[in-house]
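Undergrad: You'll find coords-v3.cif just under this line, and it carries mmCIF, C-alpha atoms.
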```cif
data_run
loop_
_atom_site.label_atom_id
_atom_site.label_comp_id
_atom_site.auth_asym_id
_atom_site.auth_seq_id
_atom_site.Cartn_x
_atom_site.Cartn_y
_atom_site.Cartn_z
CA MET A 1 61.69 7.98 61.45
CA LYS A 2 58.42 6.21 60.75
CA LYS A 3 58.66 7.10 57.09
CA ASN A 4 61.98 5.32 56.64
CA TRP A 5 62.02 2.07 54.74
CA PRO A 6 62.67 -0.93 56.97
CA LEU A 7 66.18 -2.21 57.48
CA TRP A 8 67.35 -5.45 55.85
CA GLU A 9 70.36 -7.65 56.53
CA VAL A 10 72.28 -8.85 53.51
CA PHE A 11 74.06 -12.20 53.19
CA VAL A 12 76.23 -12.94 50.18
CA ARG A 13 77.74 -16.19 48.96
CA SER A 14 81.09 -15.22 47.48
CA LYS A 15 81.44 -18.34 45.40
CA ASN A 16 79.80 -21.69 45.00
CA GLY A 17 80.70 -24.02 47.84
CA LEU A 18 81.16 -21.27 50.39
CA GLU A 19 78.46 -20.27 52.85
CA HIS A 20 76.49 -17.02 52.75
CA ARG A 21 78.22 -14.45 54.91
CA HIS A 22 76.78 -11.30 56.47
CA PHE A 23 77.85 -8.35 54.31
CA GLY A 24 75.93 -5.50 55.87
CA SER A 25 72.53 -3.91 55.91
CA LEU A 26 70.44 -1.54 53.82
CA HIS A 27 67.02 0.05 53.54
CA ALA A 28 64.32 -1.18 51.18
CA ALA A 29 60.54 -1.10 50.96
CA ASP A 30 60.16 -4.84 50.39
CA ALA A 31 62.08 -8.05 49.76
CA GLU A 32 62.37 -7.60 46.02
CA MET A 33 63.76 -4.08 46.36
CA ALA A 34 66.09 -5.32 49.09
CA LEU A 35 67.52 -7.91 46.68
CA GLU A 36 68.06 -5.34 43.94
CA ASN A 37 69.57 -2.85 46.36
CA ALA A 38 71.84 -5.55 47.75
CA ARG A 39 72.94 -6.43 44.25
CA ASP A 40 73.88 -2.81 43.60
CA VAL A 41 75.38 -1.96 46.96
CA TYR A 42 77.25 -5.16 47.81
CA THR A 43 77.97 -7.16 44.66
CA ARG A 44 78.88 -4.55 42.07
CA ARG A 45 82.55 -5.43 42.34
CA ASN A 46 81.97 -9.07 41.58
CA GLU A 47 81.69 -10.14 45.21
CA GLY A 48 79.00 -12.72 44.93
CA VAL A 49 77.04 -15.45 43.23
CA SER A 50 74.00 -15.54 45.51
CA ILE A 51 72.24 -13.12 47.84
CA TRP A 52 69.94 -13.63 50.81
CA VAL A 53 68.10 -10.76 52.44
CA VAL A 54 66.10 -10.84 55.64
CA GLU A 55 64.34 -8.00 57.36
CA SER A 56 66.39 -7.03 60.38
CA LYS A 57 63.42 -7.25 62.74
CA TYR A 58 63.29 -11.00 62.19
CA ILE A 59 66.75 -11.46 63.60
CA THR A 60 66.86 -12.19 67.28
CA ALA A 61 70.15 -11.05 68.76
CA SER A 62 71.79 -12.03 72.01
CA ASN A 63 71.85 -9.38 74.66
CA PRO A 64 75.35 -7.95 75.24
CA ALA A 65 74.49 -7.63 78.96
CA GLU A 66 74.33 -11.40 79.09
CA ASN A 67 77.71 -11.92 77.47
CA GLY A 68 79.13 -13.11 80.77
CA GLU A 69 76.90 -16.09 81.18
CA LEU A 70 76.64 -16.81 77.47
CA PHE A 71 80.24 -16.72 76.36
CA GLU A 72 82.70 -16.60 79.21
CA PRO A 73 82.24 -20.18 80.36
CA ALA A 74 83.66 -21.28 76.98
CA LYS A 75 86.82 -19.25 77.33
CA ASP A 76 88.83 -21.76 79.37
CA LYS A 77 87.65 -24.79 77.42
CA VAL A 78 90.12 -24.66 74.59
CA TYR A 79 89.96 -28.45 74.31
CA ARG A 80 86.56 -28.06 72.63
CA HIS A 81 88.37 -26.99 69.48
CA PRO A 82 89.40 -30.00 67.48
CA THR A 83 92.93 -28.66 67.25
CA PHE A 84 94.63 -31.52 68.98
CA TYR A 85 94.48 -33.84 66.02
CA ASN A 86 97.05 -34.13 63.27
CA LEU A 87 95.24 -33.55 60.02
CA PRO A 88 96.38 -35.39 56.91
CA ASP A 89 97.77 -33.02 54.29
CA GLU A 90 95.01 -33.90 51.84
CA VAL A 91 92.35 -32.31 54.03
CA LYS A 92 91.86 -28.73 52.93
CA HIS A 93 89.78 -25.84 54.16
CA MET A 94 89.64 -26.74 57.84
CA MET B 1 79.21 0.59 3.83
CA SER B 2 82.20 2.90 4.02
CA ASN B 3 84.16 3.46 7.22
CA GLU B 4 82.62 6.88 7.54
CA GLN B 5 79.11 5.51 7.28
CA LEU B 6 79.81 2.81 9.84
CA TYR B 7 81.38 5.44 12.10
CA ASN B 8 78.17 7.45 11.93
CA TYR B 9 76.05 4.40 12.55
CA ILE B 10 78.04 3.60 15.70
CA LEU B 11 77.66 7.15 17.01
CA GLY B 12 73.91 6.83 16.50
CA ILE B 13 73.95 3.94 18.96
CA ALA B 14 76.60 5.08 21.39
CA ASP B 15 75.55 8.71 21.85
CA ASN B 16 72.32 7.55 23.51
CA ASN B 17 74.40 5.72 26.11
CA LEU B 18 76.78 8.60 26.67
CA ILE B 19 74.12 11.25 27.13
CA LEU B 20 71.85 9.13 29.32
CA GLY B 21 74.88 8.12 31.39
CA GLN B 22 75.77 11.78 31.83
CA ARG B 23 72.22 12.54 32.99
CA LEU B 24 72.37 9.74 35.54
CA GLY B 25 75.84 10.83 36.58
CA GLU B 26 74.40 14.20 37.58
CA LEU B 27 72.52 12.32 40.30
CA CYS B 28 75.67 10.87 41.86
CA GLY B 29 75.42 11.87 45.52
CA HIS B 30 71.94 13.29 44.96
CA GLY B 31 69.84 10.14 44.70
CA PRO B 32 66.71 9.86 46.85
CA ASN B 33 68.53 7.47 49.17
CA LEU B 34 71.89 5.77 49.33
CA GLU B 35 70.80 2.49 47.74
CA THR B 36 69.03 4.10 44.78
CA ASP B 37 71.89 6.54 44.34
CA ILE B 38 74.34 3.67 43.96
CA ALA B 39 71.96 1.77 41.67
CA LEU B 40 71.57 4.73 39.30
CA THR B 41 75.28 5.40 39.27
CA ASN B 42 75.91 1.73 38.50
CA ILE B 43 73.61 2.00 35.53
CA ALA B 44 75.46 5.13 34.39
CA LEU B 45 78.76 3.24 34.61
CA ASP B 46 77.35 0.31 32.65
CA LEU B 47 76.27 2.74 29.94
CA PHE B 48 79.68 4.45 29.88
CA GLY B 49 81.40 1.07 29.66
CA GLN B 50 79.35 0.21 26.60
CA THR B 51 79.92 3.68 25.17
CA ARG B 52 83.65 3.23 25.47
CA SER B 53 83.57 -0.01 23.52
CA TYR B 54 81.56 1.67 20.77
CA TYR B 55 83.75 4.81 20.66
CA GLN B 56 86.98 2.84 20.70
CA TYR B 57 85.71 0.96 17.69
CA ALA B 58 84.47 4.14 16.04
CA ALA B 59 87.85 5.81 16.61
CA THR B 60 89.60 3.08 14.63
CA LEU B 61 87.31 3.86 11.67
CA SER B 62 87.74 7.62 11.83
CA GLU B 63 89.84 9.78 9.62
CA ASN B 64 92.86 11.61 11.09
CA HIS B 65 93.35 9.21 14.00
CA LYS B 66 90.71 10.31 16.46
CA THR B 67 90.82 8.85 19.96
CA GLU B 68 87.83 7.68 21.97
CA ASP B 69 88.08 10.91 24.00
CA ASP B 70 87.93 13.01 20.84
CA VAL B 71 84.80 11.18 19.82
CA ALA B 72 83.20 11.52 23.24
CA PHE B 73 84.16 15.05 24.19
CA LEU B 74 85.20 17.11 21.23
CA ARG B 75 82.18 17.26 19.00
CA THR B 76 79.81 20.17 18.63
CA GLU B 77 76.17 19.85 19.63
CA ARG B 78 74.96 19.21 16.08
CA GLU B 79 77.36 16.28 15.77
CA TYR B 80 75.75 14.31 18.61
CA LYS B 81 73.18 11.88 17.26
CA ASN B 82 71.35 10.77 20.40
CA ALA B 83 67.57 10.67 20.54
CA LEU B 84 65.93 13.58 22.36
CA LEU B 85 64.54 11.29 25.07
CA VAL B 86 67.88 10.66 26.79
CA GLU B 87 68.86 14.32 27.07
CA GLN B 88 65.69 15.31 28.93
CA PRO B 89 66.49 16.69 32.38
CA ASN B 90 66.18 14.79 35.66
CA THR B 91 63.41 17.13 36.95
CA HIS B 92 62.35 14.70 39.69
CA PHE B 93 62.70 11.00 40.47
CA GLY B 94 59.55 10.19 38.47
CA TYR B 95 61.19 11.63 35.35
CA VAL B 96 64.44 9.78 36.00
CA ILE B 97 62.60 6.47 36.24
CA ALA B 98 60.18 7.09 33.36
CA ARG B 99 63.00 8.22 31.04
CA GLN B 100 65.09 5.22 32.06
CA PHE B 101 62.28 2.74 31.55
CA LEU B 102 61.19 4.16 28.19
CA PHE B 103 64.80 3.91 27.03
CA ASP B 104 65.62 0.54 28.63
CA VAL B 105 62.78 -1.31 26.93
CA PHE B 106 64.00 0.02 23.59
CA HIS B 107 67.65 -0.55 24.45
CA TYR B 108 67.05 -4.18 25.36
CA LEU B 109 65.20 -4.93 22.12
CA PHE B 110 67.95 -3.12 20.25
CA VAL B 111 70.98 -4.93 21.68
CA GLU B 112 69.10 -8.19 21.46
CA GLN B 113 68.99 -7.74 17.68
CA LEU B 114 72.45 -6.17 17.43
CA GLN B 115 73.87 -9.49 18.59
CA GLN B 116 72.97 -10.80 15.11
CA SER B 117 74.90 -8.01 13.37
CA LYS B 118 77.23 -9.09 10.60
CA ASP B 119 79.78 -6.71 12.07
CA GLU B 120 81.67 -8.89 14.52
CA THR B 121 82.70 -6.07 16.84
CA LEU B 122 79.19 -4.69 17.17
CA SER B 123 77.84 -8.16 17.74
CA ALA B 124 80.43 -8.77 20.47
CA ILE B 125 79.65 -5.47 22.21
CA ALA B 126 75.94 -6.34 22.12
CA LYS B 127 76.55 -9.78 23.58
CA LYS B 128 78.41 -8.25 26.48
CA ALA B 129 75.86 -5.47 27.00
CA ILE B 130 72.70 -7.51 26.94
CA LYS B 131 72.93 -8.73 30.54
CA GLU B 132 73.55 -5.23 31.83
CA VAL B 133 70.66 -3.81 29.86
CA SER B 134 68.43 -6.63 30.99
CA TYR B 135 69.06 -5.60 34.59
CA HIS B 136 68.47 -1.92 33.80
CA LYS B 137 65.09 -2.79 32.40
CA ARG B 138 64.22 -4.85 35.42
CA PHE B 139 65.28 -2.06 37.78
CA SER B 140 63.43 0.75 36.02
CA GLY B 141 60.37 -1.45 35.31
CA ASP B 142 60.07 -2.36 38.98
CA TRP B 143 60.29 1.29 39.94
CA VAL B 144 57.66 2.30 37.38
CA LYS B 145 55.31 -0.21 39.01
CA ARG B 146 56.17 0.95 42.51
CA LEU B 147 55.64 4.60 41.77
CA GLY B 148 52.61 4.11 39.54
CA ASP B 149 50.87 1.74 41.89
CA GLY B 150 52.22 3.42 45.02
CA THR B 151 50.78 6.44 46.79
CA SER B 152 48.53 8.98 45.08
CA GLU B 153 51.47 11.41 45.14
CA SER B 154 53.91 8.98 43.49
CA HIS B 155 51.27 7.99 40.93
CA LYS B 156 50.66 11.61 40.04
CA LYS B 157 54.36 12.33 39.62
CA ILE B 158 55.27 9.36 37.45
CA GLN B 159 52.15 9.82 35.36
CA GLU B 160 53.19 13.43 34.80
CA ALA B 161 56.63 12.25 33.68
CA VAL B 162 55.17 9.62 31.35
CA HIS B 163 52.91 12.25 29.87
CA ASP B 164 55.83 14.57 29.20
CA LEU B 165 58.30 11.96 27.97
CA TRP B 166 56.08 9.75 25.83
CA PRO B 167 56.24 12.21 22.89
CA TYR B 168 59.98 11.47 22.67
CA THR B 169 59.56 7.70 22.25
CA GLN B 170 58.64 7.59 18.58
CA GLU B 171 62.00 9.03 17.58
CA LEU B 172 63.72 5.91 18.93
CA PHE B 173 62.31 4.04 15.93
CA GLU B 174 63.06 6.69 13.33
CA ILE B 175 65.23 5.27 10.58
CA THR B 176 67.93 7.62 9.33
CA LYS B 177 69.78 7.32 6.02
CA THR B 178 72.72 5.79 7.83
CA ASP B 179 70.39 3.30 9.52
CA THR B 180 69.01 2.23 6.15
CA LEU B 181 72.52 1.56 4.84
CA ALA B 182 73.41 -0.44 7.93
CA ILE B 183 70.17 -2.43 7.83
CA ASP B 184 70.62 -3.27 4.13
CA GLU B 185 74.05 -4.69 4.83
CA GLY B 186 72.92 -6.76 7.80
CA VAL B 187 75.08 -4.66 10.11
CA GLY B 188 72.33 -2.57 11.68
CA VAL B 189 69.11 -3.28 13.50
CA ASN B 190 65.81 -2.75 11.69
CA LEU B 191 64.14 -0.41 14.16
CA SER B 192 60.70 -0.70 12.62
CA GLU B 193 60.64 -4.36 13.62
CA LEU B 194 61.08 -3.44 17.29
CA LYS B 195 58.20 -1.04 17.57
CA SER B 196 55.22 -3.30 18.18
CA LYS B 197 57.14 -5.34 20.75
CA TYR B 198 58.16 -2.10 22.46
CA GLN B 199 54.61 -0.90 22.74
CA GLU B 200 53.47 -4.27 24.01
CA GLU B 201 56.11 -4.39 26.73
CA VAL B 202 55.57 -0.82 27.86
CA ALA B 203 51.80 -1.30 27.92
CA GLU B 204 52.16 -4.44 30.04
CA VAL B 205 54.20 -2.68 32.71
CA PHE B 206 52.03 0.44 32.60
CA LYS B 207 48.94 -1.69 33.11
CA GLU B 208 50.40 -3.13 36.29
CA ALA B 209 51.53 0.34 37.30
CA THR B 210 48.04 1.76 36.62
CA LEU B 211 49.58 4.33 34.26
CA THR B 212 48.13 5.54 31.01
CA ILE B 213 49.85 6.41 27.74
CA PRO B 214 48.90 9.87 26.48
CA GLU B 215 46.50 9.78 23.55
CA ASN B 216 47.43 11.44 20.27
CA PRO B 217 50.56 13.21 21.45
CA PHE B 218 52.60 15.37 19.13
CA PHE B 219 55.76 13.32 18.70
CA GLN B 220 59.06 15.16 18.93
CA LYS B 221 62.11 14.34 16.86
CA GLY B 222 65.37 15.87 15.73
CA GLY B 223 68.06 14.48 18.02
CA LYS B 224 69.09 11.77 15.60
CA GLN B 225 69.71 14.46 12.98
CA GLY B 226 71.70 16.50 15.49
CA ILE B 227 68.93 18.97 16.25
CA HIS B 228 68.60 18.90 19.99
CA SER B 229 66.41 20.36 22.69
CA GLU B 230 67.41 23.42 24.70
CA HIS B 231 68.78 21.19 27.47
CA MET B 232 71.55 19.70 25.37
CA GLY B 233 73.92 22.68 25.39
CA TYR B 234 74.04 22.78 29.17
CA LEU B 235 74.58 19.07 29.36
CA LEU B 236 77.47 19.23 26.89
CA ALA B 237 79.03 22.18 28.70
CA ASP B 238 79.28 19.99 31.80
CA LEU B 239 80.36 16.93 29.89
CA GLN B 240 83.04 18.61 27.82
CA TYR B 241 84.38 21.07 30.36
CA MET B 242 87.45 19.10 31.45
CA GLN B 243 88.60 18.05 28.00
CA ARG B 244 88.08 21.55 26.59
CA THR B 245 89.81 23.32 29.47
CA TYR B 246 92.72 20.90 29.67
CA PRO B 247 93.12 19.62 26.12
CA ASN B 248 94.37 16.03 25.85
CA MET B 249 94.24 15.53 29.59
CA ASN B 250 93.77 11.99 30.74
CA TRP B 251 93.55 10.20 34.06
#
```
Just give me the structure of the file as structure tokens.
TA:
Amino acid sequence: MKKNWPLWEVFVRSKNGLEHRHFGSLHAADAEMALENARDVYTRRNEGVSIWVVESKYITASNPAENGELFEPAKDKVYRHPTFYNLPDEVKHM
Amino acid sequence: MSNEQLYNYILGIADNNLILGQRLGELCGHGPNLETDIALTNIALDLFGQTRSYYQYAATLSENHKTEDDVAFLRTEREYKNALLVEQPNTHFGYVIARQFLFDVFHYLFVEQLQQSKDETLSAIAKKAIKEVSYHKRFSGDWVKRLGDGTSESHKKIQEAVHDLWPYTQELFEITKTDTLAIDEGVGVNLSELKSKYQEEVAEVFKEATLTIPENPFFQKGGKQGIHSEHMGYLLADLQYMQRTYPNMNW
């Protein structure tokens, strides 16, 4: 396993104005190769206008064992969504 | 120039793409890793896309209503006009990258000039292709540097490939009779004008890659006249199998 290239996470902006979204991951020896690989693996069907890559080891993930304390308290607090307002028709993309 | 001469000139361009694309296609599912496999197959598809545009145009100029498939699949070995470089076998990844890079640098300079062609269709194809080819050159150039300036093993392998493939590079600039006609009419690209730039660009990347160009090699040629290396027959057998076994099939 030690000989494998490190893993990278790929984020792609589908079009200008939208945010970069996580598309998947891939192996590459360095950042430049990760960008080229991402271009070939994830954007060859015209999916994007911009790519970010970050080595997976730099991502700190929440621990699933802690899901209870992290996420469950929010479950019964539906009022925290701003869904109780009437939006004017002109407001798009909410 | 006559339709027949223009037809031949187009084949001289497009056959390089077809045969190199076929070579890369052989690697589909066999690349060194998933990412590189997809990258090489993408390049093959870019080349086939360009080939189709050229062959579709060529077919309209041909006698007895040839189709693009006829042009691509139903010629004999001597009728293919690709340079010997692109038919060289994959051997190992070092060869795949060296062959690609040595072709891409040429290909880029070529389509760059073809954009100025007085033939509107060729100029349009070149304008569409240039971005693809630019990426191919970037991809293969980066890999040449990685392998050349990588481990002692990768250096040895890519240097071996460069040594073996360099003798095929001079043919890329050989000017055939058809080329001369096309150049005189402002339709074709003057290959002799590309040569010094080619050598400059290759030398620059090789320097970074710590690779050397073989001194005084014996340069090979023949492909552009239809005289191919021993590898070509096998390649064509694969390439033509479907169309020869099921004539006029399409899908």
Undergrad: Could you tell me how far atom CA of A:Trp8 lies from atom CA of B:Trp143, in Å and to one decimal?
TA: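 Separation of atom CA of A:Trp8 and atom CA of B:Trp143: 18.7 Å.
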Undergrad: Going by the chain IDs and residue numbers used in this file, which residues fall under the PyMOL selection byres ((chain A) within 9 of (chain B))? Write them as a ChimeraX atom specification.
TA: /A:26-28,33,36-41,44
Undergrad: Kindly give the distance, in Å, that separates atom CA of B:Gly186 and atom CA of B:Asn17, rounded to a single decimal.
TA: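 Between atom CA of B:Gly186 and atom CA of B:Asn17 the gap is 22.2 Å.
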Undergrad: Evaluating the PyMOL selection byres ((chain B and resi 2) around 12) on the displayed file yields which residues, as an mmCIF file with C-alpha atoms, keeping the file's coordinate frame?
TA:
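Ended up saving to out_17.cif:
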```cif
data_model
loop_
_atom_site.group_PDB
_atom_site.id
_atom_site.type_symbol
_atom_site.label_atom_id
_atom_site.label_comp_id
_atom_site.auth_asym_id
_atom_site.auth_seq_id
_atom_site.Cartn_x
_atom_site.Cartn_y
_atom_site.Cartn_z
ATOM 1 C CA MET B 1 79.210 0.590 3.830
ATOM 2 C CA ASN B 3 84.160 3.460 7.220
ATOM 3 C CA GLU B 4 82.620 6.880 7.540
ATOM 4 C CA GLN B 5 79.110 5.510 7.280
ATOM 5 C CA LEU B 6 79.810 2.810 9.840
ATOM 6 C CA TYR B 7 81.380 5.440 12.100
ATOM 7 C CA ASN B 8 78.170 7.450 11.930
ATOM 8 C CA TYR B 9 76.050 4.400 12.550
ATOM 9 C CA LEU B 61 87.310 3.860 11.670
ATOM 10 C CA SER B 62 87.740 7.620 11.830
ATOM 11 C CA GLU B 63 89.840 9.780 9.620
ATOM 12 C CA THR B 178 72.720 5.790 7.830
ATOM 13 C CA LEU B 181 72.520 1.560 4.840
ATOM 14 C CA ALA B 182 73.410 -0.440 7.930
ATOM 15 C CA GLU B 185 74.050 -4.690 4.830
#
```
Undergrad: Return the single residue from A:Val49, A:Ala74, A:Ala65, A:Pro88 that is closest to A:Arg13, with distances computed using all atoms listed in the file.
TA: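 Of all the options, A:Val49 lies closest to A:Arg13.
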Undergrad: Using atom CA of B:Ala161 and atom CA of B:Phe93 as the two end points, give the distance in Å to one decimal.
TA: 9.2 Å
Undergrad: Name the closest residue to B:Gln100 among the candidates B:Tyr80, B:Trp166, B:Tyr234, B:Tyr54; distances are taken between atoms, counting all atoms listed in the file.
TA: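 Result for the nearest residue to B:Gln100: B:Trp166.
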Undergrad: Can you list, as a list of chain:residue names, the residues that the PyMOL selection byres ((chain A and resi 54) around 9) selects here?
TA: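 That expression, the PyMOL selection byres ((chain A and resi 54) around 9), corresponds here to A:Leu7, A:Trp8, A:Glu9, A:Val10, A:Phe11, A:Ala31, A:Ala34, A:Trp52, A:Val53, A:Glu55, A:Ser56, A:Lys57, A:Tyr58, A:Ile59.
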Undergrad: Please return, as a ChimeraX atom specification, all polymer residues that have at least one atom within 12 Å of the point (74.5, 5.7, 17.8); use only C-alpha atoms and the file's own coordinate frame.
TA: /B:5-19,50-51,54-55,58,71-72,79-83,107,110-111,122,172,175-176,178-179,182,188-189,223-226
Undergrad: Given the choices A:Tyr42, A:Phe71, A:Trp5, A:Tyr79, which gets closest to A:His22 if the distance is worked out from all atoms listed in the file?
TA: A:Tyr42
Undergrad: Which residues come within 9 Å of B:Val205, counting all atoms listed in the file, excluding same-chain residues fewer than 3 positions away, as a PyMOL selection string?
TA: chain B and resi 141-142+144-145+200-202+208-211
